[in-house]
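Notes follow the structure.
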Amino acid sequence: MTHKGCAEGGREPVSRSCGERYRPFAALFVRRGPGAGGMAGPHLQQPSFLLATLKADCVNKPFVQRCHDLKTVIDELPAKELHGIFPWLVESIFGSLDGIIIGWNLLCLQGRTNPTEYSVALDFLDPSGPMMKLVYKLQTEEYRYDFPVSYLPGPVKASIQEQVLPECSLYHNKVQFPSSGGLGLNLVLNPFEYYMFYFAISLITQKSTSVTHHVSPSNSAYFILVDTYLKCFLPTEGSVLPPPPLNPGGAIPSPTPRSPAVPFTSYGMHHTSLLKRHIAHQPSLNADPASQEIWRSETLLQIFVEMWLHHYSLEMYQKMQSPHVKESFKPTEEHVLVVRLLVKHLHAFSNSLKPEPLSPSAHSHTASPLEEFKRVVIPRFVRQKLYIFLQHCFGHWPLDASFRAVLEMWLSYLQPWRYAPEKPPQSTEHLPHSVSEKWATFIQENLLMYTKLFAGFLNRALRTDLVSPKNAFMVFRVAKVFAQPNLAEMILKGEQLFLQPELVIPHRQHRLFMTPTFGGAFFSSWPPTTADASFKVKSHVYSLEGQDCQYKQMFGTEVRNLVLKLAQLICQAQQTAKSISDHSAETMASQSFFSWFRFTPSEMNGSYTGNDLDEIGQDSIKKTDEYLEKALEYLCQIFKLNGAQLTQMMKNCETAQDKNGKNQLPDCIESEDGLILTPLGRYQIINGLRRFEVQYQGDTELQPIRSYENATLVRLLFRLSSVLNARFADQMEVLCSREDFVGRLCRYHLTKPHLIQKIRCSPMVKDRTSQNWGPRISLRFLASYRTLIFLLMTYFTASWFNIGPVSCTFIILIGYFLYATIMTFFSERWKPHEH
């Protein structure tokens with residue numbers, strides 16, 4: 001893992017300790033002083049020999065040795081000497097913002113493939129490891145570092161460039177305008193913020209390298225570090241661990257508090273210029289002690305949410321409802337898996353909130369900042385951005401099995417009770433547990449997460465192939481979650497609260513309910529809670545969809561019709577899976593000794609009835625049927641579907657099968673040119689619901705050579721047959737024209753009338769003229785491996801009875817002549833002879 005930006009350099013004598021080696025270079029640093037903005041590197045007055053030596057070590061030393069040396073440097077050198085290497089070190093670990101420098105490539109680093117580097121990297125970046133110790137050292141001195149605004153998520157970058165203060169308090173008082181000749185806007189960040197910004201954005205910038213290595217994201221070092229940071233800074237038990245003491249009596253100062261005097265400007269509101277409202281960093285004189293307790297928790301969460309979720313603003317979301325709008329950001333599967341980890345932990349974090357005491361005396365006790373943070377962490381920081389992120393994924397994600405990651409993230413958010421500390425009572429009948437009424441408030445305040453996204457999933461499911469086990473499983477998962485007892489009733493109650501007649505909410509008042517003034521920290525003046533549940537639901541819906549939105553009820557007519565269409569599609573998919581299973585069973589039953597030569601009866605008569613779905617296997621077909629059956633059962637429970645209606649639907653699907661159990665033709669219309677597929681017919685073919693039985697209808701002598709035929713013999717016998725037919729054509733015509741027994745016998749062997757179609761097997765031309773090639777000899781059956789093996793086995797068996805080849809041939813001809821005679825007498829109609 002060599003850092004690509006490292007420079008060449010020589011080695012120092014091995015006898016010198018790491019601290020002695022780097023200490024002489026410390027005097028060459030020029031410190032800018034506490035509070036000075038900007039990276040250290042561009043402001044150095046003299047070259048940093050310490051930085052050059054560390055870069056050279058990246059090239060010359062192995063990864064484990066480099067980490068050990070860095071730990072020694074961090075432990076022994078003071079903050080003023082480490083200040084200059086911090087930006088380079090962060091970039092060498094997480095990669096450059098433009099993705100050119102890969103860094104340690106934590107997304108691809110796994111313990112299974114690189115156990116030593118994996119464990120060393122995790123120890124070095126652990127919350128109590130050397131890297132975080134360096135962060136706290138620099139935090140003590142209040143150093144500041146520049147982060148380019150151009151690499152922030154799209155909505156934030158656009159807002160700052162338009163000189164509008166972003167909604168998130170993370171950016172307040174941090175925007176630094178370029179001086180004369182400057183290159184662009186920067187955020188002035190403290191060391192902790194700078195480190196976490198790089199850590200979070202590396203999930204986006206390094207995504208192209210992670211895709212090429214085919215590794216499991218959940219086992220990568222990056223995934224483990226995200227989980228470790230969440231557990232450390234957002235603990236579900238106890239309080240946030242304090243930073244390690246760096247010196248006697250030393251303390252880590254919190255970042256400068258955001259001034260309450262600065263008004264909040266959000267998207268869509270009056271745009272106040274940042275030039276007029278920017279306030280320089282000033283030392284804290286009356287910082288709230290409560291804010292210092294959890295500033296790292298708030299900062300880490302805001303950075304994760306902004307970097308991972310805030311890629312679409314409300315305005316962008318409204319515009320992207322059109323399918324013609326090109327998306328500006330495409331999340332990857334690794335990205336979604338990390339977001340799901342965040343969602344699951346936030347549920348566990350907020351559910352660890354201690355219940356409010358019932359005694360009146362206890363109400364006088366002020367809740368701790370961490371408890372207040374748990375109370376508002378999801379509605380204030382996550383809900384809106386996650387909803388827009390999910391809406392984008394539902395509308396733009398490819399229709400393949402990779403959508404499972406998005407689906408599981410969505411279902412994890414919908415079920416906070418799964419991450420509650422209290423365990424549900426055990427059920428003796430193995431029935432799903434009922435959703436407690438205490439979650440009704442969460443469901444009502446997240447109504448769109450349940451209703452609109454469910455309708456979006458229905459639209460996706462109707463366009464997928466449900467015969468595929470992976471797609472069938474996704475439908476099963478969603479139906480199972482929404483079928484939990486009491487959940488559908490609570491969603492219906494939330495919809496009823498939204499539809500209740502209510503006083504008109506003042507314009508944009510709903511925005512203030514969802515996003516109260518960010519003048520101070522998160523626990524500053526909150527809007528008074530209202531007992532009107534209807535107002536809460538309306539505020540939630542209007543804040544995300546706008547005041548003039550047209551809400552579609554989940555249990556309304558439109559969504560119910562989508563459910564009925566899905567139920568019909570499930571029935572069709574079940575019948576398709578059943579026909580595939582039956583076809584596979586027939587094929588297995590018909591296999592014999594001749595299957596060694598890879599031909600089947602269907603190939604012998606010139607037809608091919610195979611399908612790509614045949615390859616999914618009997619086990620997968622069985623799983624598909626089980627998933628679809630349970631999904632249909634759950635949908636009936638959720639929407640109270642009529643049993644008689646479903647029974648009729650199943651009968652309709654069963655009648656779509658013909659007498660042989662094969663699917664009917666795809667939906668077509670008759671025209672002068674034959675059959676034309678309708679849009680429904682194309683959909684049926686694409687999803688494997690119906691298909692054409694393709695058969696060869698041309699001259700059987702010229703049909704392609706089959707896998708069960710010998711190509712050389714086919715060509716030789718065709719030439720021989722052609723010579724004989726050309727030589728004796730007139731004589732065969734005369735014989736076949738006779739009305740006696742000889743004529744009937746010759747017609748049985750030498751003529752092949754055009755085949756009468758029993759069923760229409762392909763969209764062929766309606767007035768297709770058939771050809772009759774007249775009497776002729778066909779020897780192609782002798783090129784079949786089956787015929788050759790039959791003859792060889794017959795000769796071999798005859799040799800046991802001392803019958804020579806000539807005698808055996810004579811016996812075969814006599815036997816066949818008797819068979820042909822019987823067939824000539826008793827055949828009711830003349831059919832072409834098939835060997």
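Letters A, B, ... mark the chains of the structure tokens in the order given; residue numbers begin at 1 per chain; ligand numbers begin at 1, in order shown.
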
Open item on the list: If we count only C-alpha atoms and set the cut-off at 10 Å, which residues sit around Ala440 (chain A), ignoring sequence neighbours fewer than 4 positions away in its own chain? Please answer as a PyMOL selection string.
Closed with: chain A and resi 435-436+444-446+486-487+489-491+493-494

- [ ] Name all residues at most 9 Å from region 633-646 of chain A (count only C-alpha atoms; drop same-chain ones fewer than 3 positions away) and give them as a count of residues only.
- [x] 22

Open item on the list: My list of candidates is A:Ala121, A:Leu107, A:Val90, A:Leu134. Which is closest to Tyr198 (chain A) when distances are computed with only C-alpha atoms?
Closed with: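 Nearest to Tyr198 (chain A): A:Val90.
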
TODO: Find the residues near Ile74 (chain A): any atom within 12 Å, counting only C-alpha atoms, skip ones fewer than 2 places away on the same chain, and give them as number ranges by chain.
DONE: A: 18-19, 22-23, 67-72, 76-83, 85-86, 89, 124, 129-138, 246

Counting only C-alpha atoms, what are the residues of region 425-471 of chain A within 12 Å of region 677-685 of chain A, and for each of them which pair of atoms is the nearest and at what distance in Å, to one decimal? Sort the table by chain and rising number, as CSV.
residue,atom,partner,partner_atom,distance
A:Leu462,CA,A:Tyr683,CA,10.5
A:Arg463,CA,A:Tyr683,CA,8.8
A:Thr464,CA,A:Tyr683,CA,10.0
A:Asp465,CA,A:Gln684,CA,9.7
A:Leu466,CA,A:Gln684,CA,11.7
A:Val467,CA,A:Gln684,CA,11.9

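CA of His540 (chain A) lies 23.6 Å from CA of Ser159 (chain A).
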